[in-house]
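K.L.:
I'd like to ask some things about the structure below.
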Amino acid sequence: MRRTPPLIIGGGPAGAAAAIRLAKAGSGSTIIERQAIAGDPLCGGFLSWQTLEALETLGLSGDELQGHEVHTLRIFAGRRIYELPLPAPARGVSRGRLDSLLLAKAETLGVVVRRGIAISEYRTETGELRFDDGGILTPESLFLATGKHDLRGLPRPRHAAGNDPMLGLRFRLPASNTLIDILSGHIEMHLFNGGYLGIVVQEGAIANLCMAVRKSRLGVAQTRPAALFAELAQDSPALAERLAGMPAASHIDAIGRVPYGWRARTTQPGIFRLGDQAGVITSLAGEGIGIALASARCAVEYWRDGGSAAASAYQRAFARQLRRPLAIAELLGSVGRHPDIAALPLALLAAIPGATTMIARATRV
Ligand SMILES: Cc1cc2nc3c(=O)[nH]c(=O)nc-3n(C[C@H](O)[C@H](O)[C@H](O)COP(=O)(O)OP(=O)(O)OC[C@H]3O[C@@H](n4cnc5c(N)ncnc54)[C@H](O)[C@@H]3O)c2cc1C
């Protein structure tokens with residue numbers, strides 16, 4: 001049966017991957033992306049071995065991605081350091097690079113990417129999408145891939161972020177030779193009370209530092225993020241060494257109310273929620289992009305078989321796939337926010353051969 005192709009809102013990994021899969025299945029599509037140039041959204045930029053495999057199936061190889069190869073997860077918990085081998089090589093790649101390569105791949109397959117224009121609202125009563133330039137569209141099927149940002153009219157529930165929500169903070173540092181030597185082959189995770197900070201080198205010798213932290217950890221007086229970094233560095237000589245090149249006036253990106261652990265179990269007619277709009281995994285697991293790619297694959301399969309009527313069945317099926325990885329990642333995240341408690345499980349992980357691989361696999365989709 002001939003179907004009208006879905007309209008895709010959002011040109012991040014979920015939206016771009018969906019467009020590529022639709023094109024490969026013989027269906028053109030249009031992506032609406034509000035950024036004029038693929039940005040570098042707040043993200044750790046860690047691509048797991050499984051994410052790399054999924055990118056290969058979309059025609060994007062590790063060689064094209066470049067970045068920095070990662071073999072070991074090094075965790076700092078208080079004064080202790082644990083080195084855990086990853087099941088297979090992973091990569092640190094900037095989101096600017098990943099997102100622009102995926103969108104370019106989609107365009108070579110005939111996908112129309114409308115950049116620099118946003119959808120401002122969805123009207124449930126009429127199924128209308130309103131563009132920020134005043135345009136209106138009523139698509140038969142909508143792939144909602146707006147990621148971290150909710151679309152007016154189709155928000156994720158506000159309570160999903162909890163009473164003491166997690167915030168994401170990120171800044172980048174041109175990595176000195178010393179820092180590159182320290183981080184060579186590793187992704188580092190520095191645990192502290194109330195959050196954790198990941199550091200990985202990306203292409204162009206840039207160190208990407210990305211933190212997830214409880215709002216309350218910023219303090220009643222809402223300590224400025226830069227002050228929090230300085231405070232953490234005071235408590236940890238290792239972190240102080242890594243932050244040594246941080247300019248006093250570093251630009252720190254921030255995102256509020258990250259609904260870790262939430263997943264969409266239902267949806268509205270014709271609306272397929274993808275990526276972070278389908279479920280949000282604790283960033284400690286480094287699997288958000290993997291979920292975005294997996295959701296694209298699943299949504300396209302359901303849409304091809306059942307068109308817009310398949311939206312609910314897709315959302316239920318994908319929510320089932322997310323259940324276990326999200327739950328295990330939540331548990332890891334809550335332990336990770338308490339370095340004292342984390343010490344024992346980390347010692348066990350380091351001592352038992354194969355344990356890290358088992359846990360790492362259990363948090364993949
Ligand atoms: C602190 C933190 C660290 C993380 N670290 C990692 C990591 O190391 N590895 C990993 O795999 N995952 C990580 N993640 C998760 C990862 O960033 C997300 O899961 C992933 O980006 C989701 O992809 P997406 O395509 O759904 O959304 P996004 O990547 O957020 O893309 C959404 C796109 O939609 C566009 N858009 C939004 N609203 C509109 C609109 N109204 N109209 C038009 N366009 C719109 C945006 O401009 C954007 O390009 C991290 C998350 C956080 C919070």
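Just remember, in the structure tokens the first chain shown is A, the second B, etc., residues are 1-based per chain, and ligands are 1-based in the order shown.
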If we count only C-alpha atoms and set the cut-off at 7 Å, which residues sit around stretch 269-286 of chain A, ignoring sequence neighbours fewer than 2 positions away in its own chain? Please answer as a PyMOL selection string.
P.N.:
chain A and resi 14+46+48+140-148+259-264+267+288+291-292+295-296+299+308-309+311+315+326+329-330+333+363
K.L.:
What lies within 10 Å of A:Glu128 using only C-alpha atoms, ignoring chain neighbours under 5 positions off, as a PyMOL selection string?
P.N.:
chain A and resi 121-123+136-139
K.L.:
I need the residues from that last selection saved to file as a PDB file, in the first residue's frame (with N, CA, C and O atoms), if you can.
P.N.:
```pdb
ATOM      1  N   GLU A 121       4.898  24.083  17.604  1.00  0.00           N
ATOM      2  CA  GLU A 121       3.763  23.556  18.373  1.00  0.00           C
ATOM      3  C   GLU A 121       3.060  22.431  17.618  1.00  0.00           C
ATOM      4  O   GLU A 121       3.032  22.420  16.380  1.00  0.00           O
ATOM      5  N   TYR A 122       2.493  21.486  18.386  1.00  0.00           N
ATOM      6  CA  TYR A 122       1.621  20.465  17.804  1.00  0.00           C
ATOM      7  C   TYR A 122       0.240  20.646  18.435  1.00  0.00           C
ATOM      8  O   TYR A 122       0.132  20.799  19.651  1.00  0.00           O
ATOM      9  N   ARG A 123      -0.797  20.663  17.602  1.00  0.00           N
ATOM     10  CA  ARG A 123      -2.164  20.812  18.148  1.00  0.00           C
ATOM     11  C   ARG A 123      -2.867  19.455  18.120  1.00  0.00           C
ATOM     12  O   ARG A 123      -3.169  18.936  17.029  1.00  0.00           O
ATOM     13  N   ILE A 136       1.821  25.733   8.378  1.00  0.00           N
ATOM     14  CA  ILE A 136       1.056  24.680   9.068  1.00  0.00           C
ATOM     15  C   ILE A 136       1.095  23.420   8.214  1.00  0.00           C
ATOM     16  O   ILE A 136       0.959  23.488   6.984  1.00  0.00           O
ATOM     17  N   LEU A 137       1.277  22.273   8.857  1.00  0.00           N
ATOM     18  CA  LEU A 137       1.238  20.990   8.150  1.00  0.00           C
ATOM     19  C   LEU A 137       0.447  20.001   8.995  1.00  0.00           C
ATOM     20  O   LEU A 137       0.467  20.080  10.228  1.00  0.00           O
ATOM     21  N   THR A 138      -0.225  19.067   8.335  1.00  0.00           N
ATOM     22  CA  THR A 138      -0.935  18.023   9.090  1.00  0.00           C
ATOM     23  C   THR A 138      -0.456  16.664   8.548  1.00  0.00           C
ATOM     24  O   THR A 138      -1.108  16.071   7.693  1.00  0.00           O
ATOM     25  N   PRO A 139       0.706  16.201   9.031  1.00  0.00           N
ATOM     26  CA  PRO A 139       1.243  14.956   8.470  1.00  0.00           C
ATOM     27  C   PRO A 139       0.443  13.741   8.938  1.00  0.00           C
ATOM     28  O   PRO A 139      -0.109  13.735  10.042  1.00  0.00           O
TER      29      PRO A 139
END
```
K.L.:
Among stretch 56-175 of chain A, which ones does DSSP assign to strand (DSSP E) (computed from the backbone)? Answer as a PyMOL selection string.
P.N.:
chain A and resi 68-77+80-92+112-115+119-123+128-131+136-137+142-144+166-174
K.L.:
Could you tell me which of A:Ala175, A:Ala161, A:Val70, A:Ala118 comes closest to ligand 1 if we count only C-alpha atoms and all ligand atoms?
P.N.:
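So, comparing all the options, the nearest one is A:Ala118.
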K.L.:
By how many Å are atom CA of A:Ser216 and atom CA of A:Asp340 apart?
P.N.:
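Straight-line distance from atom CA of A:Ser216 to atom CA of A:Asp340 works out to 18.8 Å.
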K.L.:
Residues near stretch 229-237 of chain A, anyone? I mean within 9 Å using only C-alpha atoms, not counting same-chain ones fewer than 5 positions away, as a compact mmCIF listing (two decimals) with C-alpha atoms, in the first residue's frame.
P.N.:
```txt
# COMPACT_ATOMS: atom_id res chain seq x y z
CA GLY A 78 37.14 9.03 46.11
CA ARG A 79 40.87 8.25 46.20
CA PHE A 192 31.20 12.58 43.35
CA ARG A 242 42.67 17.29 34.08
CA LEU A 243 41.05 20.69 34.57
```
K.L.:
Residues of stretch 120-190 of chain A that have any atom at most 9 Å from an atom of stretch 19-43 of chain A: could you tabulate them with the shortest-distance atom pair and the distance in Å to one decimal, using only C-alpha atoms, ordered by chain and increasing number, as CSV?
P.N.:
```
residue,atom,partner,partner_atom,distance
A:Thr146,CA,A:Glu33,CA,8.7
A:Gly168,CA,A:Leu42,CA,7.4
A:Leu169,CA,A:Leu42,CA,7.3
A:Arg170,CA,A:Leu42,CA,6.2
A:Phe171,CA,A:Leu42,CA,8.6
```
K.L.:
Point out the residue among A:Ala104, A:Leu197, A:Ala362, A:Ala313 with the least atom-to-atom distance to ligand 1, counting only C-alpha atoms and all ligand atoms.
P.N.:
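The closest residue to ligand 1 is A:Leu197.
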K.L.:
I'd like the contact shell of A:Leu179 - 10 Å cut-off, only C-alpha atoms, skipping same-chain residues fewer than 3 positions apart - returned as a short mmCIF file (atom, residue, chain, number, x, y, z; two decimals) with N, CA and C atoms, in the first residue's frame.
P.N.:
```cif
data_model
loop_
_atom_site.label_atom_id
_atom_site.label_comp_id
_atom_site.auth_asym_id
_atom_site.auth_seq_id
_atom_site.Cartn_x
_atom_site.Cartn_y
_atom_site.Cartn_z
N LEU A 173 37.64 21.44 26.16
CA LEU A 173 38.95 21.95 26.49
C LEU A 173 39.91 21.52 25.39
N PRO A 174 40.67 22.46 24.79
CA PRO A 174 41.72 21.99 23.88
C PRO A 174 42.69 21.15 24.72
N ALA A 175 42.88 19.88 24.37
CA ALA A 175 43.67 19.00 25.24
C ALA A 175 45.16 19.19 25.01
N SER A 176 45.89 19.43 26.09
CA SER A 176 47.36 19.53 25.98
C SER A 176 47.90 18.13 25.69
N ILE A 182 47.33 11.27 29.19
CA ILE A 182 46.59 10.73 30.33
C ILE A 182 45.34 9.99 29.85
N LEU A 183 44.66 10.59 28.86
CA LEU A 183 43.36 10.04 28.44
C LEU A 183 43.48 9.04 27.29
N SER A 184 44.69 8.81 26.81
CA SER A 184 44.85 7.97 25.63
C SER A 184 44.22 6.57 25.84
N VAL A 201 38.46 12.19 24.95
CA VAL A 201 39.05 13.01 23.88
C VAL A 201 38.25 12.78 22.61
N ALA A 205 41.76 16.80 18.93
CA ALA A 205 42.41 16.91 20.24
C ALA A 205 41.63 17.81 21.21
N ILE A 206 40.33 17.59 21.22
CA ILE A 206 39.48 18.32 22.16
C ILE A 206 39.03 17.35 23.25
N ALA A 207 39.16 17.79 24.50
CA ALA A 207 38.62 16.97 25.60
C ALA A 207 37.21 17.45 25.90
N GLU A 241 44.21 17.96 37.94
CA GLU A 241 45.21 17.83 36.87
C GLU A 241 44.53 17.92 35.49
N ARG A 242 43.37 17.28 35.38
CA ARG A 242 42.67 17.29 34.08
C ARG A 242 42.08 18.67 33.76
N LEU A 243 41.69 19.39 34.80
CA LEU A 243 41.05 20.69 34.57
C LEU A 243 42.07 21.83 34.51
N ALA A 244 43.35 21.47 34.60
CA ALA A 244 44.39 22.51 34.70
C ALA A 244 44.30 23.53 33.56
N GLY A 245 43.92 23.07 32.35
CA GLY A 245 43.89 24.00 31.22
C GLY A 245 42.56 24.68 31.04
#
```
K.L.:
Compare A:Ile328, A:Ala310, A:Ala106, A:Met166 by their minimum atom-to-atom distance to ligand 1, counting only C-alpha atoms and all ligand atoms, and give me the closest one.
P.N.:
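Looking only at the distances to ligand 1, the closest residue turns out to be A:Met166.
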K.L.:
Between A:Arg130, A:Ala342, A:Ala248, A:Ala347, which residue has the minimum interatomic distance to A:Ile9, considering only C-alpha atoms?
P.N.:
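Comparing A:Arg130, A:Ala342, A:Ala248, A:Ala347 against A:Ile9, the winner is A:Arg130.
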K.L.:
I need the residues of stretch 85-208 of chain A that end up classed as alpha helix (DSSP H) by DSSP on the backbone, written out as a ChimeraX atom specification.
P.N.:
/A:95-108,177-183
K.L.:
What does the structure give for the distance between atom CA of A:Leu349 and atom CA of A:Glu188, in Å to one decimal?
P.N.:
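The value is 15.9 Å.
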